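Enquirer: This is coords.txt (compact mmCIF, C-alpha atoms).
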# COMPACT_ATOMS: atom_id res chain seq x y z
CA MET A 160 -8.62 55.00 15.87
CA ASP A 161 -7.49 54.69 12.25
CA LYS A 162 -9.60 53.38 9.48
CA ILE A 163 -7.25 50.47 9.01
CA GLN A 164 -7.53 49.45 12.64
CA ILE A 165 -11.32 49.41 12.49
CA ILE A 166 -11.24 47.36 9.33
CA SER A 167 -8.79 44.84 10.76
CA ILE A 168 -10.75 44.55 14.02
CA VAL A 169 -13.99 43.92 12.14
CA ALA A 170 -12.36 41.47 9.76
CA SER A 171 -10.67 39.44 12.48
CA LEU A 172 -13.87 39.37 14.55
CA ILE A 173 -15.76 38.07 11.52
CA ILE A 174 -13.18 35.32 11.01
CA PHE A 175 -13.37 34.42 14.68
CA PHE A 176 -17.16 34.15 14.70
CA VAL A 177 -17.21 32.21 11.47
CA VAL A 178 -14.88 29.66 13.06
CA ILE A 179 -16.96 29.52 16.25
CA ASN A 180 -20.11 29.09 14.21
CA LEU A 181 -18.58 26.27 12.17
CA ILE A 182 -17.65 24.46 15.37
CA ARG A 183 -21.12 25.03 16.82
CA HIS A 184 -22.76 23.49 13.80
CA ARG A 185 -20.27 20.62 13.78
CA LYS A 186 -19.03 21.51 10.33
CA LEU A 187 -15.55 21.78 11.76
CA LYS A 188 -14.35 19.11 14.13
CA THR A 189 -13.16 20.52 17.42
CA GLU A 190 -9.80 18.80 17.11
CA TYR A 191 -9.11 20.51 13.80
CA SER A 192 -10.48 23.86 14.91
CA LEU A 193 -7.79 24.55 17.47
CA ILE A 194 -5.35 25.96 14.96
CA TRP A 195 -8.04 28.08 13.31
CA LEU A 196 -9.06 29.52 16.66
CA THR A 197 -5.45 30.31 17.47
CA VAL A 198 -4.98 32.09 14.15
CA SER A 199 -8.14 34.16 14.49
CA VAL A 200 -7.46 35.09 18.12
CA THR A 201 -3.95 36.21 17.12
CA PHE A 202 -5.51 38.44 14.49
CA ILE A 203 -7.86 40.00 17.02
CA VAL A 204 -5.10 40.58 19.55
CA PHE A 205 -2.88 42.36 17.05
CA SER A 206 -5.65 44.47 15.59
CA PHE A 207 -6.48 45.88 19.05
CA TRP A 208 -2.94 46.05 20.36
CA ARG A 209 -1.18 48.09 17.72
CA ASN A 210 2.08 48.49 19.58
CA GLY A 211 2.35 44.74 19.78
CA ILE A 212 3.52 44.52 16.22
CA ASP A 213 6.20 47.11 16.73
CA LYS A 214 7.36 45.39 19.88
CA LEU A 215 7.52 42.03 18.15
CA ALA A 216 9.41 43.63 15.28
CA GLN A 217 11.95 44.99 17.71
CA LEU A 218 12.20 41.64 19.41
CA PHE A 219 12.98 39.87 16.14
CA GLY A 220 15.10 42.73 14.84
CA ILE A 221 12.82 43.45 11.90
CA ALA A 222 13.08 46.99 10.57
CA TYR A 223 9.75 47.10 8.77
CA ALA A 224 7.12 46.30 11.40
CA PRO A 225 4.23 45.16 9.16
CA SER A 226 6.34 42.30 7.85
CA VAL A 227 5.93 40.73 11.29
CA LEU A 228 2.30 40.25 10.31
CA PHE A 229 3.35 38.39 7.18
CA ILE A 230 5.64 36.14 9.16
CA ILE A 231 2.90 35.30 11.65
CA LEU A 232 0.53 34.66 8.77
CA LEU A 233 3.04 32.47 6.93
CA ILE A 234 3.85 30.39 9.98
CA GLY A 235 0.13 29.95 10.62
CA ILE A 236 -0.50 28.82 7.05
CA ILE A 237 2.43 26.41 7.02
CA LEU A 238 1.23 24.86 10.29
CA LEU A 239 -2.25 24.50 8.81
CA LEU A 240 -0.90 22.84 5.67
CA ILE A 241 1.18 20.37 7.67
CA GLU A 242 -1.88 19.53 9.72
CA PHE A 243 -3.88 19.01 6.53
CA SER A 244 -1.22 16.67 5.14
CA ILE A 245 -1.34 14.65 8.33
CA ILE A 246 -5.12 14.42 8.19
CA ILE A 247 -5.08 13.44 4.51
CA SER A 248 -2.49 10.72 5.13
CA LYS A 249 -4.51 9.35 8.01
CA GLN A 250 -7.67 9.31 5.93
CA ALA A 251 -5.95 7.69 2.95
CA GLU A 252 -4.71 4.90 5.21
CA ARG A 253 -8.18 4.41 6.69
CA ILE A 254 -9.83 4.35 3.29
CA LYS A 255 -7.31 1.78 2.06
CA VAL A 256 -8.00 -0.52 4.98
CA MET A 257 -11.74 -0.13 4.46
CA VAL A 258 -11.48 -0.94 0.76
CA GLN A 259 -9.47 -4.07 1.55
CA GLU A 260 -11.83 -5.22 4.27
CA LEU A 261 -14.81 -4.55 2.03
CA ALA A 262 -13.31 -6.63 -0.77
CA LEU A 263 -12.51 -9.50 1.60
CA LEU A 264 -15.99 -9.42 3.14
CA LYS A 265 -17.58 -9.38 -0.30
CA GLN A 266 -15.59 -12.43 -1.31
CA GLU A 267 -16.55 -14.24 1.91
CA LEU A 268 -20.20 -13.39 1.43
CA GLU A 269 -20.23 -14.57 -2.18
CA GLU A 270 -18.61 -17.83 -1.10
CA LYS A 271 -21.25 -18.35 1.58
CA ILE A 272 -24.11 -17.58 -0.81
CA GLU A 273 -22.68 -19.97 -3.36
CA LYS A 274 -22.38 -22.73 -0.76
CA ASN A 275 -25.89 -22.11 0.49
CA GLY A 276 -27.23 -22.22 -3.04
CA GLN A 277 -25.55 -25.54 -3.69
CA GLU A 278 -26.89 -27.03 -0.47
CA LYS A 279 -30.39 -25.84 -1.26
CA SER A 280 -30.34 -27.26 -4.76
CA LYS A 281 -29.05 -30.51 -3.30
CA SER A 282 -31.86 -30.71 -0.75
CA ILE A 283 -34.38 -29.87 -3.46
CA THR A 284 -33.19 -32.73 -5.66
CA ILE A 285 -33.34 -35.07 -2.67
CA THR A 286 -36.95 -34.14 -1.87
CA GLU A 287 -37.83 -34.52 -5.53
CA LYS A 288 -36.34 -38.02 -5.51
CA GLN A 289 -38.30 -38.88 -2.37
CA LYS A 290 -41.46 -37.67 -4.05
CA GLU A 291 -40.73 -39.83 -7.08
CA LYS A 292 -40.26 -42.84 -4.82
CA SER A 293 -43.53 -42.31 -3.03
CA MET B 91 -0.53 -31.15 9.64
CA LYS B 92 0.35 -30.01 6.17
CA PRO B 93 1.31 -26.35 6.02
CA LYS B 94 -1.14 -24.12 4.22
CA VAL B 95 0.30 -22.12 1.35
CA LEU B 96 -1.40 -19.25 -0.47
CA ILE B 97 -0.28 -17.82 -3.78
CA ILE B 98 -1.31 -14.18 -4.10
CA ILE B 99 -1.64 -12.82 -7.62
CA PRO B 100 -2.21 -9.07 -7.73
CA ALA B 101 -3.82 -8.33 -11.09
CA PHE B 102 -4.63 -5.09 -12.80
CA ASN B 103 -5.89 -5.47 -16.39
CA GLU B 104 -4.11 -8.75 -17.08
CA GLU B 105 -6.80 -10.53 -19.12
CA GLU B 106 -4.26 -11.80 -21.68
CA THR B 107 -2.21 -13.76 -19.19
CA ILE B 108 -4.24 -14.37 -16.05
CA VAL B 109 -5.77 -17.67 -17.13
CA SER B 110 -2.49 -19.23 -18.27
CA VAL B 111 -0.79 -18.02 -15.08
CA ILE B 112 -3.44 -19.63 -12.88
CA GLU B 113 -3.40 -22.87 -14.86
CA GLY B 114 0.40 -22.98 -14.79
CA LEU B 115 0.38 -22.59 -11.03
CA LYS B 116 -2.23 -25.27 -10.56
CA ASN B 117 -0.18 -27.71 -12.63
CA GLU B 118 3.11 -27.08 -10.89
CA CYS B 119 2.06 -26.43 -7.31
CA HIS B 120 -0.20 -29.10 -5.89
CA GLY B 121 -1.99 -28.32 -2.68
CA TYR B 122 -1.37 -24.57 -2.83
CA ASP B 123 -4.36 -22.25 -2.81
CA ILE B 124 -4.50 -19.44 -5.34
CA LEU B 125 -5.89 -16.01 -4.61
CA VAL B 126 -6.33 -13.43 -7.35
CA VAL B 127 -6.63 -9.89 -6.06
CA ASN B 128 -8.26 -7.95 -8.83
CA ASP B 129 -7.22 -4.33 -8.36
CA ALA B 130 -10.35 -2.81 -9.93
CA SER B 131 -9.45 -3.92 -13.44
CA THR B 132 -11.48 -2.46 -16.26
CA ASP B 133 -11.15 -5.54 -18.45
CA ALA B 134 -12.25 -9.16 -18.03
CA THR B 135 -9.51 -10.12 -15.56
CA SER B 136 -11.90 -10.92 -12.73
CA ALA B 137 -14.40 -12.85 -14.85
CA LEU B 138 -11.65 -14.89 -16.50
CA ALA B 139 -10.05 -15.70 -13.16
CA HIS B 140 -13.46 -16.76 -11.83
CA SER B 141 -14.10 -18.92 -14.87
CA THR B 142 -11.04 -21.10 -14.24
CA GLN B 143 -12.67 -22.37 -11.00
CA LEU B 144 -9.12 -22.82 -9.72
CA ALA B 145 -8.68 -19.59 -7.84
CA THR B 146 -10.43 -17.50 -5.23
CA VAL B 147 -11.00 -14.00 -6.54
CA VAL B 148 -11.14 -10.88 -4.41
CA ASP B 149 -12.31 -7.77 -6.24
CA LEU B 150 -11.16 -4.43 -4.88
CA PRO B 151 -13.88 -1.81 -5.42
CA VAL B 152 -11.32 0.92 -6.18
CA ASN B 153 -7.80 0.75 -7.52
CA LEU B 154 -5.30 0.64 -4.67
CA GLY B 155 -2.09 0.00 -6.58
CA ILE B 156 0.11 -3.07 -6.44
CA GLY B 157 0.98 -2.63 -2.76
CA GLY B 158 -2.62 -2.31 -1.68
CA ALA B 159 -3.54 -5.39 -3.70
CA VAL B 160 -0.78 -7.55 -2.23
CA GLN B 161 -1.65 -6.32 1.23
CA THR B 162 -5.24 -7.43 0.69
CA GLY B 163 -3.91 -10.88 -0.14
CA LEU B 164 -1.80 -10.87 3.00
CA ARG B 165 -4.83 -9.94 5.08
CA TYR B 166 -6.66 -12.86 3.52
CA ALA B 167 -3.74 -15.16 4.31
CA ASN B 168 -3.65 -13.97 7.88
CA ARG B 169 -7.40 -14.33 8.34
CA HIS B 170 -7.45 -17.86 6.99
CA GLY B 171 -4.39 -18.99 8.90
CA TYR B 172 -1.93 -19.62 6.09
CA ASP B 173 1.62 -20.56 7.01
CA CYS B 174 3.17 -19.14 3.90
CA ALA B 175 2.11 -16.56 1.31
CA VAL B 176 3.70 -16.18 -2.09
CA GLN B 177 3.45 -13.05 -4.16
CA PHE B 178 3.35 -13.93 -7.85
CA ASP B 179 3.01 -11.60 -10.83
CA ALA B 180 -0.02 -11.90 -13.10
CA ASP B 181 1.85 -11.00 -16.27
CA GLY B 182 3.51 -14.39 -16.63
CA GLN B 183 7.09 -13.33 -16.00
CA HIS B 184 7.63 -15.76 -13.14
CA ARG B 185 7.83 -19.51 -13.57
CA ALA B 186 5.37 -21.59 -11.61
CA VAL B 187 8.00 -24.31 -11.10
CA ASP B 188 10.01 -21.93 -8.94
CA VAL B 189 7.21 -21.41 -6.42
CA PRO B 190 7.89 -24.56 -4.36
CA LEU B 191 11.56 -23.52 -4.25
CA LEU B 192 10.72 -20.32 -2.40
CA VAL B 193 8.01 -21.94 -0.30
CA ASN B 194 10.31 -24.69 0.94
CA LEU B 195 12.97 -22.18 1.94
CA VAL B 196 10.44 -20.34 4.06
CA LEU B 197 8.69 -23.38 5.50
CA SER B 198 11.93 -25.08 6.45
CA GLY B 199 12.74 -22.05 8.55
CA GLU B 200 15.85 -21.12 6.60
CA CYS B 201 14.55 -17.60 6.21
CA ASP B 202 11.47 -15.51 6.89
CA VAL B 203 11.26 -14.06 3.44
CA ALA B 204 12.47 -15.56 0.17
CA ILE B 205 12.93 -13.41 -2.90
CA GLY B 206 12.99 -14.90 -6.36
CA SER B 207 15.86 -13.04 -7.95
CA ARG B 208 16.96 -12.65 -11.53
CA PHE B 209 20.60 -12.20 -10.65
CA VAL B 210 21.63 -14.65 -7.97
CA GLY B 211 23.72 -17.61 -9.06
CA ASP B 212 23.57 -16.77 -12.72
CA SER B 213 25.28 -13.64 -13.92
CA LYS B 214 23.00 -13.08 -16.87
CA MET B 215 20.26 -10.55 -16.51
CA TYR B 216 17.03 -11.63 -17.99
CA GLY B 217 14.34 -9.51 -19.44
CA THR B 218 15.73 -6.17 -18.45
CA ASP B 219 16.93 -3.23 -20.46
CA ILE B 220 20.00 -1.20 -19.55
CA LEU B 221 18.14 1.54 -17.66
CA ARG B 222 16.36 -0.91 -15.43
CA ARG B 223 19.64 -2.67 -14.74
CA ILE B 224 21.23 0.58 -13.63
CA GLY B 225 18.25 1.27 -11.38
CA ILE B 226 18.43 -2.15 -9.82
CA ARG B 227 22.17 -1.71 -9.24
CA VAL B 228 21.51 1.57 -7.46
CA PHE B 229 18.96 -0.10 -5.18
CA GLU B 230 21.48 -2.84 -4.46
CA PHE B 231 24.04 -0.24 -3.43
CA ILE B 232 21.55 1.61 -1.23
CA SER B 233 20.51 -1.57 0.53
CA ILE B 234 24.13 -2.34 1.35
CA LEU B 235 24.41 1.12 2.87
CA LEU B 236 21.13 1.05 4.74
CA ILE B 237 20.74 -2.48 6.02
CA ARG B 238 24.25 -3.92 5.45
CA LYS B 239 22.81 -6.65 3.38
CA ARG B 240 23.26 -7.30 -0.29
CA ILE B 241 19.95 -7.78 -2.02
CA ARG B 242 20.51 -8.15 -5.73
CA ASP B 243 17.01 -7.87 -7.09
CA HIS B 244 15.03 -5.33 -5.15
CA THR B 245 12.33 -4.93 -7.73
CA SER B 246 11.41 -8.59 -7.97
CA GLY B 247 7.74 -9.13 -7.31
CA PHE B 248 8.26 -12.82 -6.65
CA ARG B 249 8.40 -13.38 -2.91
CA ALA B 250 7.42 -15.83 -0.21
CA PHE B 251 6.63 -14.80 3.34
CA ASN B 252 6.25 -16.87 6.49
CA LYS B 253 3.58 -16.34 9.10
CA GLU B 254 5.46 -13.74 11.13
CA ALA B 255 6.39 -11.77 8.02
CA ILE B 256 2.79 -11.88 6.79
CA ASN B 257 1.65 -10.55 10.12
CA PHE B 258 4.18 -7.75 10.04
CA ILE B 259 3.81 -6.45 6.50
CA MET B 260 0.07 -6.90 6.54
CA ARG B 261 0.03 -3.78 8.65
CA GLU B 262 2.94 -2.00 7.03
CA TYR B 263 2.75 -2.52 3.30
CA PRO B 264 3.42 0.69 1.39
CA VAL B 265 1.15 1.33 -1.55
CA ASP B 266 2.97 2.87 -4.46
CA TYR B 267 6.16 1.08 -5.52
CA PRO B 268 6.55 -1.13 -2.51
CA GLU B 269 9.11 -3.78 -3.35
CA PRO B 270 12.42 -2.14 -2.37
CA GLU B 271 10.92 -0.37 0.63
CA ILE B 272 9.52 -3.61 2.00
CA VAL B 273 12.94 -5.24 1.87
CA VAL B 274 14.41 -2.45 3.97
CA LEU B 275 11.49 -2.53 6.41
CA LEU B 276 11.74 -6.28 6.87
CA ALA B 277 15.51 -6.26 7.27
CA ARG B 278 15.31 -3.43 9.80
CA ASN B 279 12.87 -5.46 11.84
CA LYS B 280 15.17 -8.47 11.95
CA PHE B 281 13.48 -10.66 9.42
CA LEU B 282 15.83 -13.00 7.62
CA ILE B 283 15.80 -12.46 3.87
CA LYS B 284 17.19 -14.84 1.32
CA GLU B 285 17.45 -14.58 -2.42
CA VAL B 286 17.07 -17.51 -4.75
CA PHE B 287 17.85 -17.61 -8.41
CA THR B 288 14.72 -17.91 -10.46
CA GLN B 289 14.50 -17.52 -14.17
CA MET B 290 12.12 -14.91 -15.42
CA TYR B 291 10.43 -14.54 -18.74
CA SER B 292 10.04 -11.16 -20.28
CA ARG B 293 6.44 -10.20 -19.78
CA GLN B 294 3.92 -12.00 -21.97
CA GLY B 295 1.26 -9.36 -21.91
CA GLY B 296 0.29 -6.01 -20.48
CA VAL B 297 2.69 -3.14 -19.87
CA SER B 298 5.22 -2.49 -17.13
CA SER B 299 3.92 -0.49 -14.22
CA ILE B 300 6.96 1.75 -14.65
CA PRO B 301 7.33 3.23 -18.14
CA VAL B 302 10.86 4.35 -18.97
CA TYR B 303 10.09 8.07 -18.92
CA LYS B 304 8.91 7.77 -15.36
CA GLY B 305 12.18 6.07 -14.40
CA PRO B 306 13.96 8.95 -12.68
CA TYR B 307 10.85 9.90 -10.74
CA TYR B 308 10.37 6.30 -9.68
CA MET B 309 14.01 6.01 -8.63
CA LEU B 310 13.83 9.14 -6.53
CA LYS B 311 10.60 8.14 -4.88
CA VAL B 312 11.81 4.66 -4.06
CA MET B 313 15.15 5.90 -2.75
CA ILE B 314 13.44 8.36 -0.45
CA SER B 315 11.02 5.72 0.77
CA MET B 316 13.89 3.30 1.40
CA VAL B 317 15.71 5.87 3.51
CA MET B 318 12.47 6.73 5.32
CA ALA B 319 11.79 3.07 6.00
CA CYS B 320 15.23 2.90 7.52
CA ILE B 321 14.85 5.82 9.91
CA ARG B 322 11.45 4.76 11.14
CA PRO B 323 11.33 3.34 14.63
CA ARG B 324 11.65 -0.43 14.88
CA GLU B 325 8.40 -2.27 15.47
CA ILE B 326 9.74 -5.50 16.79
Just dump the structure as structure tokens.
Expert:
Amino acid sequence: MDKIQIISIVASLIIFFVVINLIRHRKLKTEYSLIWLTVSVTFIVFSFWRNGIDKLAQLFGIAYAPSVLFIILLIGIILLLIEFSIIISKQAERIKVMVQELALLKQELEEKIEKNGQEKSKSITITEKQKEKS
Amino acid sequence: MKPKVLIIIPAFNEEETIVSVIEGLKNECHGYDILVVNDASTDATSALAHSTQLATVVDLPVNLGIGGAVQTGLRYANRHGYDCAVQFDADGQHRAVDVPLLVNLVLSGECDVAIGSRFVGDSKMYGTDILRRIGIRVFEFISILLIRKRIRDHTSGFRAFNKEAINFIMREYPVDYPEPEIVVLLARNKFLIKEVFTQMYSRQGGVSSIPVYKGPYYMLKVMISMVMACIRPREI
């Protein structure tokens, strides 16, 4: 086994266990972790199965085999970025709705408090008048 | 029963004009409720609007942009069962006398959405410089292409919506520069849009939300969003 293979096996195993650990501790939501798991498993597979890269290179007609790795990596990163954009858009929409609802609720609450205050001050003046009468 | 009408004024740092705008509306439009949506202004807009005692004020805790502010107003309108909502600028460029014009068009059922336009009926263009005119012409051309309908003044922020339209755009309102996109969205979903000539003053205070140097960027963004609005699946 070459040095480089050992290094890549160790590195991809570390990535894999970091991802698993993040999911275990709920720092990474399971729904978002799928793509990370796929990426790290792909790394592990190709670091054990060295011929795989050559075979893939042949399949795609790529002369320089290691560039297959870059392609896989690039595709993985682009997919991740798209997923992030989707998540960000979703969150932005949710935050907007929350801000609007919060503002509306605040207004409603203030209105109610104001009304209550007026009613109370009214009832106070009435009781005062009754006291004066008696 | 008398139809309930709400005038929505989105306001971001409009302390110079907000009071006169509210008072003008109260004088010209009897029986209409006024809602100021304060888009996290850093000046006295909210306090001044409160002090008139003529308007309900909703304060957004963070700045959402004009679209987010108007949408808040539409949510309010929907929640309180208004039959018609009017969007009215806080900078004093619209005339309060024109509000009933738009409202009556919508309430009579002639259209779902009425747009107060600078260009219909009268060929003069008010309060616009040459660059803005070109931009507005481009939007006009795009709308003919996209929705086969000629809307002359896409950027007008003076609009009246009926109940169905309120319900629809309450969920859909885009945030950034929403006016042209909304027209496309509404037309695509079979809402009837009508333009009415309304005179506009050049702004009395504050600055335009689109400075000239941002023009090309704005144009591009709006054009893309118009096309996107057009290729989205129909909701209704």
Enquirer: Residues around (-13.0, 29.8, 19.0), cut-off 8 Å, counting only C-alpha atoms - what are they as a PyMOL selection string?
Expert: chain A and resi 175-176+178-179+182+192-193+195-197+199-200
Enquirer: Quick one: pull the distance between atom CA of Asn210 of chain A and atom CA of Ile234 of chain A, Å, one decimal.
Expert: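 These two atoms are separated by 20.6 Å.
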Enquirer: Write out, as CSV, each residue of chain A that has an atom at most 10 Å from chain B, together with the closest pair of atoms and their distance in Å to one decimal, counting all atoms listed in the file, rows going by chain and rising number.
Expert:
residue,atom,partner,partner_atom,distance
A:Glu252,CA,B:Val265,CA,9.6
A:Ile254,CA,B:Leu154,CA,9.9
A:Lys255,CA,B:Leu154,CA,7.1
A:Val256,CA,B:Thr162,CA,8.6
A:Val258,CA,B:Leu150,CA,6.6
A:Gln259,CA,B:Thr162,CA,5.5
A:Glu260,CA,B:Thr162,CA,7.8
A:Leu261,CA,B:Leu150,CA,7.8
A:Ala262,CA,B:Leu150,CA,5.1
A:Leu263,CA,B:Val148,CA,6.3
A:Leu264,CA,B:Val148,CA,9.1
A:Lys265,CA,B:Val148,CA,7.8
A:Gln266,CA,B:Val148,CA,5.6
A:Glu267,CA,B:Val148,CA,9.0
A:Glu270,CA,B:Thr146,CA,9.2
Enquirer: Contacts of Asp213 of chain A at 9 Å or less, counting all atoms listed in the file, minus same-chain residues fewer than 2 places along, as a list of chain:residue names?
Expert: A:Arg209, A:Asn210, A:Gly211, A:Leu215, A:Ala216, A:Gln217, A:Leu218, A:Ile221, A:Tyr223, A:Ala224, A:Pro225, A:Val227
Enquirer: Could you save the residues just selected, with C-alpha atoms, as a compact mmCIF listing (two decimals), keeping the file's coordinate frame?
Expert:
# COMPACT_ATOMS: atom_id res chain seq x y z
CA ARG A 209 -1.18 48.09 17.72
CA ASN A 210 2.08 48.49 19.58
CA GLY A 211 2.35 44.74 19.78
CA LEU A 215 7.52 42.03 18.15
CA ALA A 216 9.41 43.63 15.28
CA GLN A 217 11.95 44.99 17.71
CA LEU A 218 12.20 41.64 19.41
CA ILE A 221 12.82 43.45 11.90
CA TYR A 223 9.75 47.10 8.77
CA ALA A 224 7.12 46.30 11.40
CA PRO A 225 4.23 45.16 9.16
CA VAL A 227 5.93 40.73 11.29
Enquirer: Report, in Å with one decimal, the straight-line distance from atom CA of Pro100 of chain B to atom CA of Gly114 of chain B.
Expert: 15.8 Å
